[in-house]
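Everything below belongs to target.cif, which stores mmCIF, C-alpha atoms.
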data_run
loop_
_atom_site.group_PDB
_atom_site.id
_atom_site.type_symbol
_atom_site.label_atom_id
_atom_site.label_comp_id
_atom_site.auth_asym_id
_atom_site.auth_seq_id
_atom_site.Cartn_x
_atom_site.Cartn_y
_atom_site.Cartn_z
ATOM 1 C CA MET A 1 35.082 0.431 9.181
ATOM 2 C CA LYS A 2 32.848 -0.388 6.237
ATOM 3 C CA LYS A 3 34.010 -3.322 4.144
ATOM 4 C CA PRO A 4 34.441 -2.987 0.364
ATOM 5 C CA ILE A 5 31.224 -3.777 -1.484
ATOM 6 C CA LYS A 6 32.780 -6.291 -3.857
ATOM 7 C CA LYS A 7 34.131 -8.567 -1.121
ATOM 8 C CA TRP A 8 30.923 -8.988 0.839
ATOM 9 C CA VAL A 9 28.614 -9.128 -2.196
ATOM 10 C CA TRP A 10 30.378 -12.242 -3.480
ATOM 11 C CA SER A 11 29.712 -13.845 -0.092
ATOM 12 C CA LEU A 12 26.081 -12.763 -0.430
ATOM 13 C CA ILE A 13 25.804 -14.365 -3.880
ATOM 14 C CA MET A 14 27.220 -17.614 -2.530
ATOM 15 C CA GLY A 15 24.745 -17.528 0.339
ATOM 16 C CA TRP A 16 21.814 -17.613 -2.082
ATOM 17 C CA LEU A 17 23.173 -20.864 -3.473
ATOM 18 C CA ALA A 18 23.582 -22.516 -0.082
ATOM 19 C CA VAL A 19 21.450 -25.221 1.524
ATOM 20 C CA SER A 20 20.772 -25.822 5.189
ATOM 21 C CA CYS A 21 20.432 -28.728 7.592
ATOM 22 C CA ALA A 22 17.241 -27.745 9.448
ATOM 23 C CA SER A 23 14.199 -29.720 8.317
ATOM 24 C CA LEU A 24 10.476 -29.022 8.044
ATOM 25 C CA PRO A 25 8.901 -29.152 11.546
ATOM 26 C CA GLU A 26 5.950 -31.394 12.380
ATOM 27 C CA PHE A 27 2.637 -29.744 11.552
ATOM 28 C CA HIS A 28 -0.701 -30.401 13.278
ATOM 29 C CA GLN A 29 -3.462 -29.306 10.926
ATOM 30 C CA THR A 30 -6.518 -27.593 12.441
ATOM 31 C CA SER A 31 -8.235 -26.381 9.262
ATOM 32 C CA ARG A 32 -8.780 -28.108 5.954
ATOM 33 C CA PRO A 33 -6.593 -26.890 3.059
ATOM 34 C CA GLU A 34 -7.923 -23.946 1.059
ATOM 35 C CA SER A 35 -11.017 -23.414 3.230
ATOM 36 C CA SER A 36 -12.360 -19.863 3.319
ATOM 37 C CA HIS A 37 -10.951 -19.206 6.782
ATOM 38 C CA THR A 38 -7.639 -20.983 6.384
ATOM 39 C CA SER A 39 -5.317 -18.065 5.658
ATOM 40 C CA ARG A 40 -7.255 -15.374 7.551
ATOM 41 C CA PRO A 41 -4.822 -15.272 10.520
ATOM 42 C CA CYS A 42 -2.001 -14.475 8.061
ATOM 43 C CA GLN A 43 -3.732 -11.895 5.869
ATOM 44 C CA GLY A 44 -2.191 -8.937 7.698
ATOM 45 C CA ARG A 45 1.312 -10.193 7.023
ATOM 46 C CA TYR A 46 1.538 -8.615 3.541
ATOM 47 C CA PRO A 47 1.096 -5.045 2.256
ATOM 48 C CA VAL A 48 -1.930 -4.323 0.069
ATOM 49 C CA GLY A 49 -1.917 -1.845 -2.802
ATOM 50 C CA ASN A 50 0.908 0.092 -4.439
ATOM 51 C CA TRP A 51 3.825 1.317 -2.356
ATOM 52 C CA GLN A 52 7.265 2.862 -2.592
ATOM 53 C CA LEU A 53 9.447 1.764 0.313
ATOM 54 C CA LEU A 54 12.843 3.155 1.269
ATOM 55 C CA HIS A 55 15.070 1.058 3.551
ATOM 56 C CA THR A 56 18.554 1.228 4.941
ATOM 57 C CA ILE A 57 20.199 -2.180 4.509
ATOM 58 C CA GLN A 58 22.812 -3.714 6.779
ATOM 59 C CA ALA A 59 24.316 -6.988 5.605
ATOM 60 C CA GLU A 60 25.994 -9.239 8.166
ATOM 61 C CA LEU A 61 28.235 -11.743 6.400
ATOM 62 C CA PRO A 62 30.695 -14.514 7.235
ATOM 63 C CA GLY A 63 34.048 -13.404 8.578
ATOM 64 C CA ASN A 64 32.510 -10.553 10.582
ATOM 65 C CA GLN A 65 32.011 -8.555 7.396
ATOM 66 C CA THR A 66 29.386 -5.816 7.360
ATOM 67 C CA GLY A 67 28.087 -3.819 4.393
ATOM 68 C CA PHE A 68 25.734 -0.819 4.295
ATOM 69 C CA LEU A 69 23.423 0.156 1.422
ATOM 70 C CA MET A 70 20.083 1.809 0.637
ATOM 71 C CA GLY A 71 17.190 0.117 -1.109
ATOM 72 C CA VAL A 72 14.084 1.463 -2.866
ATOM 73 C CA THR A 73 11.259 -0.961 -3.652
ATOM 74 C CA ARG A 74 8.189 0.010 -5.691
ATOM 75 C CA LEU A 75 5.603 -2.744 -5.527
ATOM 76 C CA SER A 76 2.061 -3.627 -6.566
ATOM 77 C CA SER A 77 0.387 -6.357 -4.543
ATOM 78 C CA GLN A 78 -2.378 -6.851 -7.136
ATOM 79 C CA LYS A 79 -0.018 -7.256 -10.089
ATOM 80 C CA ARG A 80 2.669 -8.998 -8.005
ATOM 81 C CA SER A 81 5.197 -6.758 -9.714
ATOM 82 C CA PHE A 82 7.973 -4.587 -8.335
ATOM 83 C CA GLN A 83 11.064 -2.546 -9.051
ATOM 84 C CA CYS A 84 14.135 -2.893 -6.848
ATOM 85 C CA VAL A 85 16.889 -0.256 -6.762
ATOM 86 C CA ILE A 86 19.986 -0.744 -4.617
ATOM 87 C CA MET A 87 22.398 2.125 -4.090
ATOM 88 C CA THR A 88 25.353 3.119 -1.962
ATOM 89 C CA LEU A 89 24.859 5.458 0.985
ATOM 90 C CA GLU A 90 26.138 8.223 -1.306
ATOM 91 C CA GLY A 91 23.294 7.558 -3.783
ATOM 92 C CA PHE A 92 25.216 5.692 -6.521
ATOM 93 C CA VAL A 93 22.915 3.082 -8.109
ATOM 94 C CA VAL A 94 24.586 -0.331 -8.259
ATOM 95 C CA TYR A 95 21.522 -2.411 -9.133
ATOM 96 C CA ASP A 96 18.152 -1.670 -10.744
ATOM 97 C CA ALA A 97 15.768 -4.448 -11.774
ATOM 98 C CA ARG A 98 12.054 -4.993 -12.401
ATOM 99 C CA TYR A 99 9.880 -8.052 -12.010
ATOM 100 C CA ASP A 100 6.483 -8.606 -13.660
ATOM 101 C CA GLY A 101 6.656 -12.369 -14.070
ATOM 102 C CA THR A 102 10.139 -12.179 -15.570
ATOM 103 C CA ILE A 103 13.278 -10.412 -14.368
ATOM 104 C CA ARG A 104 14.455 -7.357 -16.302
ATOM 105 C CA VAL A 105 17.749 -5.923 -15.134
ATOM 106 C CA GLU A 106 18.060 -2.236 -16.067
ATOM 107 C CA ARG A 107 21.431 -1.630 -14.416
ATOM 108 C CA ALA A 108 23.918 -3.869 -12.643
ATOM 109 C CA VAL A 109 27.385 -2.739 -11.624
ATOM 110 C CA ALA A 110 29.932 -5.499 -10.943
ATOM 111 C CA PRO A 111 29.784 -7.613 -8.859
ATOM 112 C CA PHE A 112 25.993 -7.139 -8.792
ATOM 113 C CA ASP A 113 25.826 -8.239 -12.455
ATOM 114 C CA ASN A 114 25.488 -11.894 -11.527
ATOM 115 C CA GLN A 115 22.452 -13.986 -12.496
ATOM 116 C CA ALA A 116 22.403 -15.821 -9.170
ATOM 117 C CA PHE A 117 22.335 -12.461 -7.365
ATOM 118 C CA ALA A 118 19.432 -11.250 -9.524
ATOM 119 C CA ARG A 119 17.414 -14.414 -8.892
ATOM 120 C CA GLY A 120 18.132 -14.221 -5.180
ATOM 121 C CA VAL A 121 17.014 -10.596 -4.909
ATOM 122 C CA MET A 122 13.779 -11.326 -6.766
ATOM 123 C CA THR A 123 13.045 -14.402 -4.637
ATOM 124 C CA ASP A 124 13.644 -12.610 -1.361
ATOM 125 C CA ILE A 125 11.516 -9.587 -2.261
ATOM 126 C CA GLN A 126 8.608 -11.831 -3.246
ATOM 127 C CA LEU A 127 8.985 -13.800 -0.022
ATOM 128 C CA ILE A 128 8.913 -10.631 2.070
ATOM 129 C CA PHE A 129 6.153 -8.646 0.357
ATOM 130 C CA PHE A 130 3.799 -11.018 -1.534
ATOM 131 C CA LYS A 131 1.428 -13.749 -0.427
ATOM 132 C CA PRO A 132 2.700 -17.162 -1.565
ATOM 133 C CA LEU A 133 1.114 -18.630 -4.700
ATOM 134 C CA ALA A 134 0.388 -21.961 -3.086
ATOM 135 C CA ASN A 135 -1.352 -25.057 -4.387
ATOM 136 C CA GLU A 136 -2.457 -25.813 -0.844
ATOM 137 C CA ILE A 137 -2.850 -23.712 2.303
ATOM 138 C CA ALA A 138 -3.555 -25.221 5.712
ATOM 139 C CA LEU A 139 -3.906 -23.699 9.172
ATOM 140 C CA GLY A 140 -2.347 -25.500 12.098
ATOM 141 C CA THR A 141 0.164 -25.494 14.912
ATOM 142 C CA LEU A 142 3.748 -26.606 15.392
ATOM 143 C CA SER A 143 5.020 -28.715 18.271
ATOM 144 C CA ASP A 144 5.862 -25.574 20.243
ATOM 145 C CA GLY A 145 2.271 -24.345 19.929
ATOM 146 C CA ALA A 146 2.960 -21.653 17.341
ATOM 147 C CA VAL A 147 -0.004 -21.059 15.005
ATOM 148 C CA VAL A 148 0.999 -21.043 11.324
ATOM 149 C CA CYS A 149 -0.414 -20.925 7.821
ATOM 150 C CA ARG A 150 1.451 -23.591 5.844
ATOM 151 C CA HIS A 151 1.719 -22.956 2.095
ATOM 152 C CA THR A 152 2.779 -25.832 -0.167
ATOM 153 C CA LEU A 153 4.028 -24.591 -3.536
ATOM 154 C CA ASP A 154 3.881 -26.491 -6.816
ATOM 155 C CA ASP A 155 7.678 -26.905 -6.907
ATOM 156 C CA GLY A 156 7.768 -28.671 -3.540
ATOM 157 C CA ARG A 157 8.823 -25.705 -1.438
ATOM 158 C CA VAL A 158 6.944 -24.919 1.768
ATOM 159 C CA ILE A 159 6.367 -21.514 3.345
ATOM 160 C CA ASP A 160 5.270 -21.305 6.978
ATOM 161 C CA VAL A 161 3.826 -17.948 8.057
ATOM 162 C CA ALA A 162 3.424 -17.620 11.813
ATOM 163 C CA LYS A 163 0.537 -15.811 13.455
ATOM 164 C CA PRO A 164 1.765 -12.530 14.997
ATOM 165 C CA GLU A 165 2.765 -12.546 18.638
ATOM 166 C CA HIS A 166 3.961 -9.410 20.394
ATOM 167 C CA ARG A 167 3.485 -7.539 17.071
ATOM 168 C CA GLN A 168 5.912 -9.746 15.130
ATOM 169 C CA TRP A 169 5.476 -12.086 12.167
ATOM 170 C CA GLU A 170 7.849 -14.846 11.154
ATOM 171 C CA THR A 171 8.084 -16.482 7.724
ATOM 172 C CA ARG A 172 10.138 -19.617 7.085
ATOM 173 C CA LEU A 173 10.952 -20.936 3.615
ATOM 174 C CA TYR A 174 11.830 -24.617 3.156
ATOM 175 C CA GLY A 175 13.289 -26.000 -0.071
ATOM 176 C CA PRO A 176 11.892 -28.920 -2.112
ATOM 177 C CA HIS A 177 13.746 -31.337 0.195
ATOM 178 C CA HIS A 178 12.337 -29.513 3.240
ATOM 179 C CA ARG A 179 15.612 -27.898 4.276
ATOM 180 C CA LEU A 180 15.266 -24.491 5.898
ATOM 181 C CA LYS A 181 16.399 -21.771 3.486
ATOM 182 C CA ARG A 182 15.145 -18.424 4.833
ATOM 183 C CA VAL A 183 13.815 -16.974 8.061
ATOM 184 C CA ILE A 184 12.135 -13.559 7.892
ATOM 185 C CA THR A 185 11.072 -11.637 10.991
ATOM 186 C CA LEU A 186 8.975 -8.462 10.786
ATOM 187 C CA ILE A 187 9.334 -6.077 13.728
ATOM 188 C CA ASN A 188 6.945 -3.196 14.404
ATOM 189 C CA ASN A 189 7.386 -0.445 16.954
ATOM 190 C CA GLU A 190 4.569 0.644 19.243
ATOM 191 C CA ASN A 191 3.715 3.656 17.095
ATOM 192 C CA PRO A 192 0.022 4.574 16.593
ATOM 193 C CA ASP A 193 0.915 6.454 13.397
ATOM 194 C CA GLN A 194 1.919 3.143 11.807
ATOM 195 C CA LYS A 195 -1.546 1.562 12.058
ATOM 196 C CA SER A 196 -2.352 2.550 8.469
ATOM 197 C CA LEU A 197 0.733 0.737 7.160
ATOM 198 C CA ILE A 198 -0.799 -2.732 7.230
ATOM 199 C CA GLY A 199 1.789 -5.360 6.354
ATOM 200 C CA ILE A 200 4.665 -2.834 6.225
ATOM 201 C CA ALA A 201 7.130 -3.416 9.044
ATOM 202 C CA ASP A 202 9.436 -0.929 10.745
ATOM 203 C CA LYS A 203 12.245 -3.489 10.531
ATOM 204 C CA ILE A 204 12.786 -6.641 8.474
ATOM 205 C CA GLU A 205 15.356 -9.244 9.438
ATOM 206 C CA LEU A 206 16.139 -11.840 6.772
ATOM 207 C CA THR A 207 18.440 -14.722 7.667
ATOM 208 C CA ALA A 208 19.711 -17.046 4.931
ATOM 209 C CA LYS A 209 20.589 -20.482 6.262
ATOM 210 C CA GLY A 210 23.411 -22.558 4.879
ATOM 211 C CA THR A 211 27.149 -22.284 4.377
ATOM 212 C CA PRO A 212 27.957 -19.496 4.158
ATOM 213 C CA GLY A 213 24.887 -17.876 5.630
ATOM 214 C CA TYR A 214 24.105 -14.191 5.929
ATOM 215 C CA LYS A 215 21.688 -11.776 7.531
ATOM 216 C CA LEU A 216 20.059 -8.649 6.111
ATOM 217 C CA VAL A 217 18.531 -6.022 8.370
ATOM 218 C CA LEU A 218 16.228 -3.556 6.589
ATOM 219 C CA ASP A 219 15.091 -0.489 8.530
ATOM 220 C CA LEU A 220 12.144 1.395 7.086
ATOM 221 C CA VAL A 221 12.911 5.036 6.327
ATOM 222 C CA GLU A 222 9.820 5.951 4.327
ATOM 223 C CA ALA A 223 6.638 4.314 2.995
ATOM 224 C CA ILE A 224 4.721 6.211 0.312
ATOM 225 C CA PRO A 225 1.392 4.957 -1.097
ATOM 226 C CA LEU A 226 1.250 5.133 -4.891
ATOM 227 C CA GLU A 227 -1.649 5.460 -7.268
ATOM 228 C CA ALA A 228 -2.526 2.369 -9.281
ATOM 229 C CA GLU A 229 -0.885 2.336 -12.703
#

Just dump the structure as C-alpha cells.
Amino acid sequence: MKKPIKKWVWSLIMGWLAVSCASLPEFHQTSRPESSHTSRPCQGRYPVGNWQLLHTIQAELPGNQTGFLMGVTRLSSQKRSFQCVIMTLEGFVVYDARYDGTIRVERAVAPFDNQAFARGVMTDIQLIFFKPLANEIALGTLSDGAVVCRHTLDDGRVIDVAKPEHRQWETRLYGPHHRLKRVITLINNENPDQKSLIGIADKIELTAKGTPGYKLVLDLVEAIPLEAE
C-alpha cells in the first residue's frame, strides 16, 4: 500500500539535513589538477544540450515507508539551468521550481513548501545532471583501484566521479568536513537505441547518507531533446 505523501516527505526533508559518518577515501593522484586531460574519463557522465526528462520516482524511507511520484526535468547544460516539476501518479503538481543561479518556486503544495526541501531538490538535480564547478580537478585512483575524477569545490565539498565500469557511473559527494553525503549510481541497459543519449541513464539511484537516510530510484520514461532557448 502506498504511504501518504505528507508522512514520507517530512522524512525526506529531514534526510537532506542529515550528516554521515563515512569519510573521504585516500586518493592517489595520477594527473596534475586542471590539466587538459584530467577530466576526460568523466566527460560522458553528464548530458550535453537541452533536454526534457520524465522519470518515475520511488522513494525508500526510514520505517519501511515507500512513496511513488513522477518527475519532469527540463535542463540546459550550457546555462546550468533547469525546471523541476514533481507530481502525483494522477498528474497533480505538488512542486514546480526553476533554477538559473537562484531558486524560484512557482508552486509548492504542503509539505513540499519547505525551504530545506527546495534547497535539497536543487542540490541533488545539479549533482546528477551538471558537471561540478570545481576549483581543482585531479585524476587518480582509490585504494580499491577505482579510477576517479576528484573535484574540490570552493566551499570545501568534494565530488568523486568514478570512471564507468560495466556501463555504470558512480558519483559521491562529501561535505566540507569530508563526511559522505550522497551516492549516485547511473545504470544503463544494453540497448543500442540509447547510444545517442550520452549522459542520460535508464535508471538513477540516489542514496542520502545520514540519520535518517533515504533512497530515490528514478526510472527514465522519456528523454526529449529541446531546441536551445

Report, in Å to a single decimal, how far apart atom CA of Leu220 of chain A and atom CA of Val93 of chain A are.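 Going from atom CA of Val93 of chain A over to atom CA of Leu220 of chain A, I get 18.7 Å.
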
- Task: Work out how far atom CA of Ala162 of chain A is from atom CA of Gln43 of chain A, in Å to one decimal.
- Result: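 Distance between the two atoms: 10.9 Å.
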
Selection dump of the PyMOL selection byres ((chain A and resi 28) around 9), as a compact mmCIF listing (two decimals) with C-alpha atoms, keeping the file's coordinate frame:
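The new file result.txt reads:
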# COMPACT_ATOMS: atom_id res chain seq x y z
CA GLU A 26 5.95 -31.39 12.38
CA PHE A 27 2.64 -29.74 11.55
CA GLN A 29 -3.46 -29.31 10.93
CA THR A 30 -6.52 -27.59 12.44
CA LEU A 139 -3.91 -23.70 9.17
CA GLY A 140 -2.35 -25.50 12.10
CA THR A 141 0.16 -25.49 14.91
CA LEU A 142 3.75 -26.61 15.39
CA SER A 143 5.02 -28.72 18.27

Could you name the residues that touch Leu153 of chain A at 7 Å or less, counting only C-alpha atoms, but leaving out those on the same chain fewer than 2 positions away, as a PDB file with C-alpha atoms, keeping the file's coordinate frame?
ATOM      1  CA  LEU A 133       1.114 -18.630  -4.700  1.00  0.00           C
ATOM      2  CA  ALA A 134       0.388 -21.961  -3.086  1.00  0.00           C
ATOM      3  CA  ASN A 135      -1.352 -25.057  -4.387  1.00  0.00           C
ATOM      4  CA  HIS A 151       1.719 -22.956   2.095  1.00  0.00           C
ATOM      5  CA  ASP A 155       7.678 -26.905  -6.907  1.00  0.00           C
ATOM      6  CA  GLY A 156       7.768 -28.671  -3.540  1.00  0.00           C
ATOM      7  CA  ARG A 157       8.823 -25.705  -1.438  1.00  0.00           C
ATOM      8  CA  VAL A 158       6.944 -24.919   1.768  1.00  0.00           C
TER       9      VAL A 158
END

Judged by all atoms listed in the file, the minimum distance to Ile125 of chain A among A:Gly213, A:Gly63, A:Pro41, A:Gly71 is found for A:Gly71

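Residues in contact range of Ser76 of chain A, defined as at most 7 Å between only C-alpha atoms, with sequence neighbours fewer than 3 positions away removed, read Gly49, Asn50, Trp51, Lys79, Arg80, Ser81 and Phe82 of chain A.
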
*What residues come out when you apply the PyMOL selection byres ((chain A and resi 224) around 7) to this file, written as a ChimeraX atom specification?*
/A:51-53,222-223,225-226

- Residues selected by the PyMOL selection byres ((chain A and resi 72) around 10), written as an NGL selection string: :A and (52-56 or 70-71 or 73-75 or 83-87 or 96 or 221-223)

Write a file of the selected residues as an mmCIF file, keeping the file's coordinate frame, keeping C-alpha atoms.
data_model
loop_
_atom_site.group_PDB
_atom_site.id
_atom_site.type_symbol
_atom_site.label_atom_id
_atom_site.label_comp_id
_atom_site.auth_asym_id
_atom_site.auth_seq_id
_atom_site.Cartn_x
_atom_site.Cartn_y
_atom_site.Cartn_z
ATOM 1 C CA GLN A 52 7.265 2.862 -2.592
ATOM 2 C CA LEU A 53 9.447 1.764 0.313
ATOM 3 C CA LEU A 54 12.843 3.155 1.269
ATOM 4 C CA HIS A 55 15.070 1.058 3.551
ATOM 5 C CA THR A 56 18.554 1.228 4.941
ATOM 6 C CA MET A 70 20.083 1.809 0.637
ATOM 7 C CA GLY A 71 17.190 0.117 -1.109
ATOM 8 C CA THR A 73 11.259 -0.961 -3.652
ATOM 9 C CA ARG A 74 8.189 0.010 -5.691
ATOM 10 C CA LEU A 75 5.603 -2.744 -5.527
ATOM 11 C CA GLN A 83 11.064 -2.546 -9.051
ATOM 12 C CA CYS A 84 14.135 -2.893 -6.848
ATOM 13 C CA VAL A 85 16.889 -0.256 -6.762
ATOM 14 C CA ILE A 86 19.986 -0.744 -4.617
ATOM 15 C CA MET A 87 22.398 2.125 -4.090
ATOM 16 C CA ASP A 96 18.152 -1.670 -10.744
ATOM 17 C CA VAL A 221 12.911 5.036 6.327
ATOM 18 C CA GLU A 222 9.820 5.951 4.327
ATOM 19 C CA ALA A 223 6.638 4.314 2.995
#

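Here atom CA of Leu127 of chain A and atom CA of Asp144 of chain A stand 23.6 Å from one another.
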
query = Of the candidates A:Asn114, A:Thr185, A:Thr88, A:Gln78, which shows the shortest atom-to-atom distance to Trp169 of chain A, using all atoms listed in the file?
reply =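 Counting all atoms listed in the file, the residue closest to Trp169 of chain A is A:Thr185.
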
Find the residues near Lys203 of chain A: any atom within 8 Å, counting all atoms listed in the file, skip ones fewer than 5 places away on the same chain, and give them as a PyMOL selection string.
chain A and resi 186-188+217-220

One residue among A:Leu89, A:Ile204, A:Ile159, A:Leu216 is nearest to Tyr174 of chain A when using only C-alpha atoms, and that residue is A:Ile159

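Ranking A:Ser23, A:Gln58, A:Thr102, A:Thr207 by their shortest atom-to-atom distance to His177 of chain A, with all atoms listed in the file included, puts A:Ser23 first.
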
Would you pick out the contacts of Glu170 of chain A at 12 Å or less, using only C-alpha atoms, so that residues sharing its chain but fewer than 4 positions from it are not included, and give the list as number ranges by chain? A: 42, 45-46, 127-128, 146-149, 159-166, 182-187, 201, 204-207
